[in-house]
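Content type compact mmCIF, C-alpha atoms, from the file model06.txt:
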```txt
# COMPACT_ATOMS: atom_id res chain seq x y z
CA MET A 1 99.84 158.36 150.39
CA PRO A 2 98.04 161.59 149.44
CA GLY A 3 98.44 162.72 145.86
CA LYS A 4 99.07 159.22 144.62
CA HIS A 5 96.34 157.23 142.96
CA GLN A 6 96.33 153.54 142.33
CA HIS A 7 95.14 152.53 138.88
CA PHE A 8 93.66 149.06 138.46
CA GLN A 9 93.65 147.64 134.99
CA GLU A 10 90.25 146.23 134.20
CA PRO A 11 90.20 142.71 132.73
CA GLU A 12 89.69 142.53 128.99
CA VAL A 13 89.31 139.87 126.35
CA GLY A 14 92.65 139.17 124.70
CA CYS A 15 92.38 140.13 121.02
CA CYS A 16 95.34 137.97 120.05
CA GLY A 17 93.80 134.75 121.41
CA LYS A 18 90.34 135.69 120.18
CA TYR A 19 91.30 136.30 116.56
CA PHE A 20 93.77 133.45 116.50
CA LEU A 21 90.96 131.07 117.55
CA PHE A 22 88.71 132.70 114.96
CA GLY A 23 91.28 132.21 112.18
CA PHE A 24 92.09 128.67 113.37
CA ASN A 25 88.43 127.68 113.16
CA ILE A 26 87.53 129.44 109.94
CA VAL A 27 90.14 127.29 108.19
CA PHE A 28 88.67 124.26 109.96
CA TRP A 29 85.16 125.32 108.93
CA VAL A 30 86.10 125.81 105.24
CA LEU A 31 87.91 122.45 105.10
CA GLY A 32 84.91 120.73 106.70
CA ALA A 33 82.53 122.33 104.22
CA LEU A 34 84.83 121.24 101.37
CA PHE A 35 84.92 117.62 102.63
CA LEU A 36 81.13 117.64 103.02
CA ALA A 37 80.65 119.11 99.52
CA ILE A 38 82.94 116.44 97.99
CA GLY A 39 81.01 113.70 99.77
CA LEU A 40 77.62 115.00 98.65
CA TRP A 41 78.90 115.53 95.10
CA ALA A 42 80.19 111.92 95.02
CA TRP A 43 76.81 110.65 96.22
CA GLY A 44 75.09 112.81 93.61
CA GLU A 45 77.26 111.28 90.87
CA LYS A 46 76.31 107.79 92.09
CA GLY A 47 72.62 108.68 92.21
CA VAL A 48 72.46 108.13 95.97
CA LEU A 49 70.81 111.50 96.66
CA SER A 50 67.91 110.61 94.37
CA ASN A 51 67.69 107.06 95.75
CA ILE A 52 68.59 106.93 99.46
CA SER A 53 68.05 103.16 99.59
CA ALA A 54 71.23 102.81 97.49
CA LEU A 55 73.22 103.52 100.68
CA THR A 56 72.37 100.07 102.00
CA ASP A 57 72.72 98.24 98.68
CA LEU A 58 76.52 98.18 98.77
CA GLY A 59 77.85 95.09 100.54
CA GLY A 60 81.04 96.80 101.74
CA LEU A 61 82.08 100.20 103.05
CA ASP A 62 81.24 103.26 100.97
CA PRO A 63 84.30 105.54 101.41
CA VAL A 64 82.11 108.59 100.73
CA TRP A 65 80.75 108.12 104.27
CA LEU A 66 84.18 109.17 105.56
CA PHE A 67 84.00 112.48 103.69
CA VAL A 68 80.42 113.16 104.82
CA VAL A 69 80.96 112.29 108.51
CA VAL A 70 84.38 113.96 108.85
CA GLY A 71 83.21 117.00 106.87
CA GLY A 72 80.04 117.30 108.98
CA VAL A 73 81.94 117.11 112.29
CA MET A 74 84.57 119.59 111.09
CA SER A 75 81.88 122.01 109.89
CA VAL A 76 80.01 121.93 113.21
CA LEU A 77 83.22 122.36 115.22
CA GLY A 78 84.49 125.12 112.93
CA PHE A 79 81.18 127.00 113.10
CA ALA A 80 81.01 126.80 116.93
CA GLY A 81 84.63 127.90 117.40
CA CYS A 82 84.55 130.60 114.73
CA ILE A 83 81.27 132.27 115.75
CA GLY A 84 81.94 131.67 119.45
CA ALA A 85 85.26 133.50 119.26
CA LEU A 86 84.01 136.33 117.04
CA ARG A 87 80.83 137.00 119.04
CA GLU A 88 82.41 136.11 122.41
CA ASN A 89 79.64 133.56 122.93
CA THR A 90 80.58 131.38 125.92
CA PHE A 91 77.98 128.72 125.08
CA LEU A 92 79.45 128.07 121.62
CA LEU A 93 83.00 128.18 122.99
CA LYS A 94 82.15 125.64 125.69
CA PHE A 95 80.38 123.47 123.11
CA PHE A 96 83.50 123.66 120.92
CA SER A 97 85.91 122.69 123.71
CA VAL A 98 83.68 119.91 125.12
CA PHE A 99 83.01 118.44 121.65
CA LEU A 100 86.72 118.56 120.76
CA GLY A 101 87.64 117.04 124.13
CA LEU A 102 85.08 114.27 123.62
CA ILE A 103 86.61 113.43 120.23
CA PHE A 104 90.08 113.30 121.77
CA PHE A 105 89.05 111.00 124.63
CA LEU A 106 87.15 108.76 122.18
CA GLU A 107 90.39 108.42 120.22
CA LEU A 108 92.24 107.57 123.44
CA ALA A 109 89.57 105.07 124.55
CA THR A 110 89.58 103.44 121.11
CA GLY A 111 93.35 102.96 121.30
CA ILE A 112 93.14 101.42 124.78
CA LEU A 113 90.22 99.12 123.88
CA ALA A 114 91.97 98.04 120.68
CA PHE A 115 95.00 97.02 122.78
CA VAL A 116 92.95 95.21 125.45
CA PHE A 117 90.64 93.39 122.99
CA LYS A 118 93.16 92.96 120.21
CA ASP A 119 92.08 89.38 119.36
CA TRP A 120 88.46 90.42 118.94
CA ILE A 121 89.54 93.48 116.94
CA ARG A 122 91.66 91.26 114.70
CA ASP A 123 88.69 88.97 114.00
CA GLN A 124 86.41 91.94 113.28
CA LEU A 125 89.01 93.52 111.01
CA ASN A 126 89.39 90.23 109.14
CA LEU A 127 85.60 90.02 108.70
CA PHE A 128 85.39 93.66 107.64
CA ILE A 129 88.11 93.31 104.98
CA ASN A 130 86.59 90.09 103.60
CA ASN A 131 83.16 91.76 103.29
CA ASN A 132 84.78 94.55 101.30
CA VAL A 133 86.71 92.05 99.17
CA LYS A 134 83.35 90.54 98.16
CA ALA A 135 82.09 93.99 97.09
CA TYR A 136 85.35 95.03 95.34
CA ARG A 137 83.78 95.52 91.90
CA ASP A 138 80.47 96.93 93.20
CA ASP A 139 81.71 100.47 93.86
CA ILE A 140 84.61 102.37 92.25
CA ASP A 141 85.36 104.31 95.45
CA LEU A 142 85.59 101.10 97.50
CA GLN A 143 87.77 99.58 94.79
CA ASN A 144 90.17 102.53 94.95
CA LEU A 145 90.28 102.35 98.76
CA ILE A 146 91.15 98.63 98.75
CA ASP A 147 93.79 99.17 96.06
CA PHE A 148 95.32 102.01 98.09
CA ALA A 149 95.40 99.91 101.29
CA GLN A 150 96.98 96.90 99.54
CA GLU A 151 99.62 99.05 97.87
CA TYR A 152 100.36 101.07 101.02
CA TRP A 153 100.78 98.06 103.32
CA SER A 154 102.20 95.73 100.61
CA CYS A 155 99.54 93.11 101.29
CA CYS A 156 96.85 91.09 99.56
CA GLY A 157 93.50 90.12 101.04
CA ALA A 158 92.73 89.91 104.76
CA ARG A 159 94.88 86.85 105.54
CA GLY A 160 96.45 86.31 102.12
CA PRO A 161 95.80 86.18 98.34
CA ASN A 162 93.37 83.24 98.66
CA ASP A 163 90.84 85.56 100.31
CA TRP A 164 90.07 86.78 96.80
CA ASN A 165 88.19 83.52 96.30
CA LEU A 166 85.37 85.33 98.09
CA ASN A 167 84.93 87.66 95.12
CA ILE A 168 82.82 86.35 92.24
CA TYR A 169 85.25 87.73 89.63
CA PHE A 170 88.43 86.29 91.17
CA ASN A 171 87.31 82.92 92.59
CA CYS A 172 88.75 79.72 91.17
CA THR A 173 85.51 77.80 90.60
CA ASP A 174 85.06 76.11 87.24
CA LEU A 175 81.81 77.99 86.71
CA ASN A 176 83.56 81.37 86.85
CA PRO A 177 83.74 82.76 83.27
CA SER A 178 85.71 85.89 84.27
CA ARG A 179 89.15 86.52 82.78
CA GLU A 180 90.24 87.44 86.32
CA ARG A 181 89.52 83.88 87.54
CA CYS A 182 92.17 82.63 90.00
CA GLY A 183 93.79 86.05 89.94
CA VAL A 184 94.17 89.05 92.25
CA PRO A 185 93.83 92.83 91.70
CA PHE A 186 96.84 94.69 90.33
CA SER A 187 97.33 96.34 93.74
CA CYS A 188 98.54 92.97 95.08
CA CYS A 189 101.40 92.89 92.58
CA VAL A 190 105.03 93.64 93.45
CA ARG A 191 105.80 96.77 91.43
CA ASP A 192 108.84 96.87 89.22
CA PRO A 193 110.58 100.27 89.78
CA ALA A 194 111.73 100.27 86.14
CA GLU A 195 108.15 99.87 84.91
CA ASP A 196 106.80 103.17 83.54
CA VAL A 197 103.29 101.95 82.69
CA LEU A 198 101.17 100.24 85.34
CA ASN A 199 100.37 96.64 84.37
CA THR A 200 96.78 96.13 85.53
CA GLN A 201 96.82 92.49 84.33
CA CYS A 202 99.80 91.43 86.45
CA GLY A 203 97.58 89.43 88.82
CA TYR A 204 95.85 87.31 86.17
CA ASP A 205 96.03 83.52 86.85
CA ILE A 206 98.62 84.10 89.57
CA ARG A 207 96.90 81.83 92.10
CA LEU A 208 97.20 78.88 89.72
CA LYS A 209 100.91 78.88 90.54
CA LEU A 210 102.54 77.43 93.65
CA GLU A 211 102.94 79.76 96.64
CA LEU A 212 106.72 79.97 96.22
CA GLU A 213 106.27 81.04 92.61
CA GLN A 214 103.71 83.67 93.64
CA GLN A 215 106.09 85.45 96.03
CA GLY A 216 108.12 87.08 93.30
CA SER A 217 105.06 88.49 91.58
CA ILE A 218 102.55 89.42 94.31
CA HIS A 219 102.46 90.28 98.00
CA THR A 220 101.55 87.12 99.89
CA LYS A 221 101.07 88.66 103.34
CA GLY A 222 97.57 89.54 104.54
CA CYS A 223 96.50 93.10 105.26
CA VAL A 224 95.41 92.29 108.84
CA GLY A 225 98.94 91.21 109.78
CA GLN A 226 100.55 94.12 107.93
CA PHE A 227 98.21 96.59 109.63
CA GLU A 228 99.10 95.13 113.05
CA LYS A 229 102.79 95.44 112.20
CA TRP A 230 102.27 99.06 111.16
CA LEU A 231 100.56 99.80 114.49
CA GLN A 232 103.41 98.19 116.43
CA ASP A 233 106.01 100.15 114.47
CA ASN A 234 104.16 103.38 115.28
CA LEU A 235 103.45 102.53 118.94
CA ILE A 236 106.26 104.80 120.14
CA VAL A 237 104.84 107.67 118.11
CA VAL A 238 101.34 107.10 119.52
CA ALA A 239 102.66 106.90 123.10
CA GLY A 240 104.72 110.05 122.48
CA VAL A 241 101.56 111.93 121.51
CA PHE A 242 99.95 111.37 124.90
CA VAL A 243 103.17 112.09 126.85
CA GLY A 244 103.60 115.30 124.85
CA ILE A 245 100.01 116.32 125.56
CA ALA A 246 100.45 115.74 129.29
CA LEU A 247 103.59 117.92 129.30
CA LEU A 248 101.86 120.60 127.26
CA GLN A 249 98.91 120.94 129.64
CA VAL A 250 101.06 121.73 132.71
CA PRO A 251 102.85 124.83 131.40
CA TRP A 252 99.62 126.09 129.79
CA ALA A 253 97.79 125.87 133.10
CA LEU A 254 100.61 127.79 134.80
CA ARG A 255 100.76 130.30 131.88
CA VAL A 256 104.38 129.26 131.24
CA PRO A 257 105.44 129.06 127.56
CA PRO A 258 106.00 125.40 126.64
CA HIS A 259 109.38 126.12 125.04
CA SER A 260 110.71 127.41 128.39
CA LEU A 261 110.80 123.84 129.67
CA THR A 262 113.43 122.92 127.11
CA PRO A 263 115.35 126.08 126.14
CA GLY A 264 117.34 125.96 122.97
CA HIS A 265 115.70 122.79 121.71
CA SER A 266 113.59 122.41 118.61
CA HIS A 267 111.56 119.37 117.66
CA ARG A 268 109.97 118.00 114.54
CA TRP A 269 106.51 116.68 115.26
CA PRO A 270 105.11 113.81 113.18
CA LEU A 271 101.56 114.17 111.86
CA PRO A 272 99.87 112.17 114.71
CA HIS A 273 101.58 114.47 117.26
CA LEU A 274 100.44 117.59 115.43
CA LEU A 275 96.81 116.48 115.16
CA SER A 276 96.57 115.67 118.87
CA LEU A 277 98.41 118.82 119.91
CA LEU A 278 96.10 120.93 117.73
CA GLN A 279 93.11 119.40 119.51
CA ILE A 280 94.49 120.20 122.96
CA PHE A 281 95.66 123.64 121.82
CA GLY A 282 92.16 124.44 120.52
CA ILE A 283 90.55 123.33 123.80
CA CYS A 284 92.97 125.39 125.91
CA LEU A 285 92.56 128.45 123.70
CA ALA A 286 88.76 128.25 123.89
CA GLN A 287 88.78 127.79 127.68
CA ASN A 288 91.19 130.68 128.10
CA LEU A 289 88.88 132.90 126.02
CA VAL A 290 85.84 131.82 128.09
CA SER A 291 87.72 132.78 131.29
CA ASP A 292 88.54 136.22 129.86
CA ILE A 293 84.90 136.79 128.83
CA LYS A 294 83.63 135.78 132.29
CA ALA A 295 86.16 138.10 133.97
CA VAL A 296 85.00 141.03 131.84
CA LYS A 297 81.32 140.30 132.49
CA ALA A 298 81.98 140.06 136.23
CA ASN A 299 82.99 143.76 136.25
CA TRP A 300 79.85 144.99 134.49
```

Any chance you could give the structure as structure tokens?
Amino acid sequence: MPGKHQHFQEPEVGCCGKYFLFGFNIVFWVLGALFLAIGLWAWGEKGVLSNISALTDLGGLDPVWLFVVVGGVMSVLGFAGCIGALRENTFLLKFFSVFLGLIFFLELATGILAFVFKDWIRDQLNLFINNNVKAYRDDIDLQNLIDFAQEYWSCCGARGPNDWNLNIYFNCTDLNPSRERCGVPFSCCVRDPAEDVLNTQCGYDIRLKLELEQQGSIHTKGCVGQFEKWLQDNLIVVAGVFVGIALLQVPWALRVPPHSLTPGHSHRWPLPHLLSLLQIFGICLAQNLVSDIKAVKANW
């Protein structure tokens, strides 16, 4: 009709999504840099940075590797997402989403393979724990990690307390002059709630007693079995993560708010749910921003 003009709104990059992704990733970037700095500082304290060959001298796992690898990955992802969102760089945004998606599917594949090859995984886990038992006194970080695992899962050794025979300080041979001979670390001990001061000598000579007598003083179950039990107990949580992710992707693709599927309901998400949902949320947010940038460029 004459006198009436149609106005078409040109596509634009959503500021809300852009700066939310920027803020999301700058936190990720700072945390990654902090993890990396802690790892490098720990290696510096051990003298590893001045002697790289020391990395291979330790017979077991060096927990500092976890800080360095996780911190490095987080820093790279945070940088790509942060700068990609701020500068509207589609290459960095695609790199961010593909890298994050690859990590997620590696987690999924690891879970599936661990279920399919559970016997092989059990044997490898048993071998891994025993190798670290041998190196228990060689590195303070490894020692703290083993103590944490044994306390958390209420276990001792890979299969049981006798696995500590593999360690030169705890074995029961007559030639062993150590005061810890035929003992176990304090982290194997059953803690007394009324005990204010930690008794680090509670495991001394404990394996000289009969197994029934040991049960009141130390945990007699192996960490491999306790870890398997923990996985089984959390299987519903793990399965719920993937079901939740599948449900989340559908409304996002249709631009429907996820809460509209279940009005009036609120949920508490355990940590594994939150981590996986954050990964998918980051991927979707980055892809949505890439689509907006491409739409704007198409009108130039």

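Using only C-alpha atoms, the smallest distance between any of A:Arg87, A:Leu127, A:Leu77, A:Cys202 and Gly101 (chain A) comes from A:Leu77.
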
Which of these, A:Gly47, A:Gly39, A:Gly17, A:Pro63, has the shortest distance to Glu88 (chain A) once you count all atoms listed in the file?
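Of the candidates, the smallest distance to Glu88 (chain A) is held by A:Gly17.
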
Rows by chain and residue number, region 197-221 of chain A within 12 Å of region 139-151 of chain A, shortest pair, all atoms listed in the file, as a tab-separated table:
```
residue	atom	partner	partner_atom	distance
A:Thr200	CA	A:Asp147	CA	11.4
A:Ile218	CA	A:Glu151	CA	10.7
A:His219	CA	A:Gln150	CA	8.7
A:Thr220	CA	A:Gln150	CA	10.8
A:Lys221	CA	A:Gln150	CA	10.0
```

Using only C-alpha atoms, find the one residue out of A:Gln287, A:Asn132, A:Thr110, A:Asn162 that sits nearest to Gly222 (chain A).
A:Asn162

Mind checking which residues fall within 10 Å of Asn25 (chain A), counting only C-alpha atoms, ignoring those fewer than 4 positions away in the same chain, and posting them as a ChimeraX atom specification?
/A:19-21,29-31,74-75,77-85,282

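Of the listed residues A:Phe99, A:Trp43, A:Phe67, A:Tyr136, the one whose atoms come nearest to Ile168 (chain A) is A:Tyr136, with distances taken using only C-alpha atoms.
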
I'd like the box whose edges run along x, y and z of the file and which contains every listed atom of region 193-209 of chain A, padded by 6 Å per side; could you state its centre and edge lengths in Å, one decimal, as AutoDock Vina command-line options?
```
--center_x 103.8 --center_y 91.0 --center_z 87.4 --size_x 27.9 --size_y 36.3 --size_z 21.4
```

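The space separating CA of Pro161 (chain A) from CA of Val197 (chain A) comes to 23.4 Å.
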
Please measure the separation of CA of Val48 (chain A) and CA of Gln124 (chain A), giving the value in Å to one decimal.
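Interatomic distance, CA of Val48 (chain A) to CA of Gln124 (chain A): 27.5 Å.
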
Near Leu40 (chain A), counting all atoms listed in the file, which residues have an atom at most 12 Å away, once you skip same-chain residues fewer than 4 positions from it, shown as a VMD selection string?
chain A and resid 33 to 36 44 to 50 63 to 69 71 to 72

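Interatomic distance, CA of Leu231 (chain A) to CA of Leu125 (chain A): 13.6 Å.
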
Go through A:Val224, A:Ile280, A:Gly160, A:Leu289 one by one, measure the shortest atom-to-atom distance of each to Glu211 (chain A) using all atoms listed in the file, and give the residue with the smallest value.
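The answer is A:Gly160, which sits nearest to Glu211 (chain A).
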
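Counting all atoms listed in the file, the residue from A:Asp119, A:Ile38, A:Phe170, A:Leu93 that sits nearest to Lys18 (chain A) is A:Leu93.
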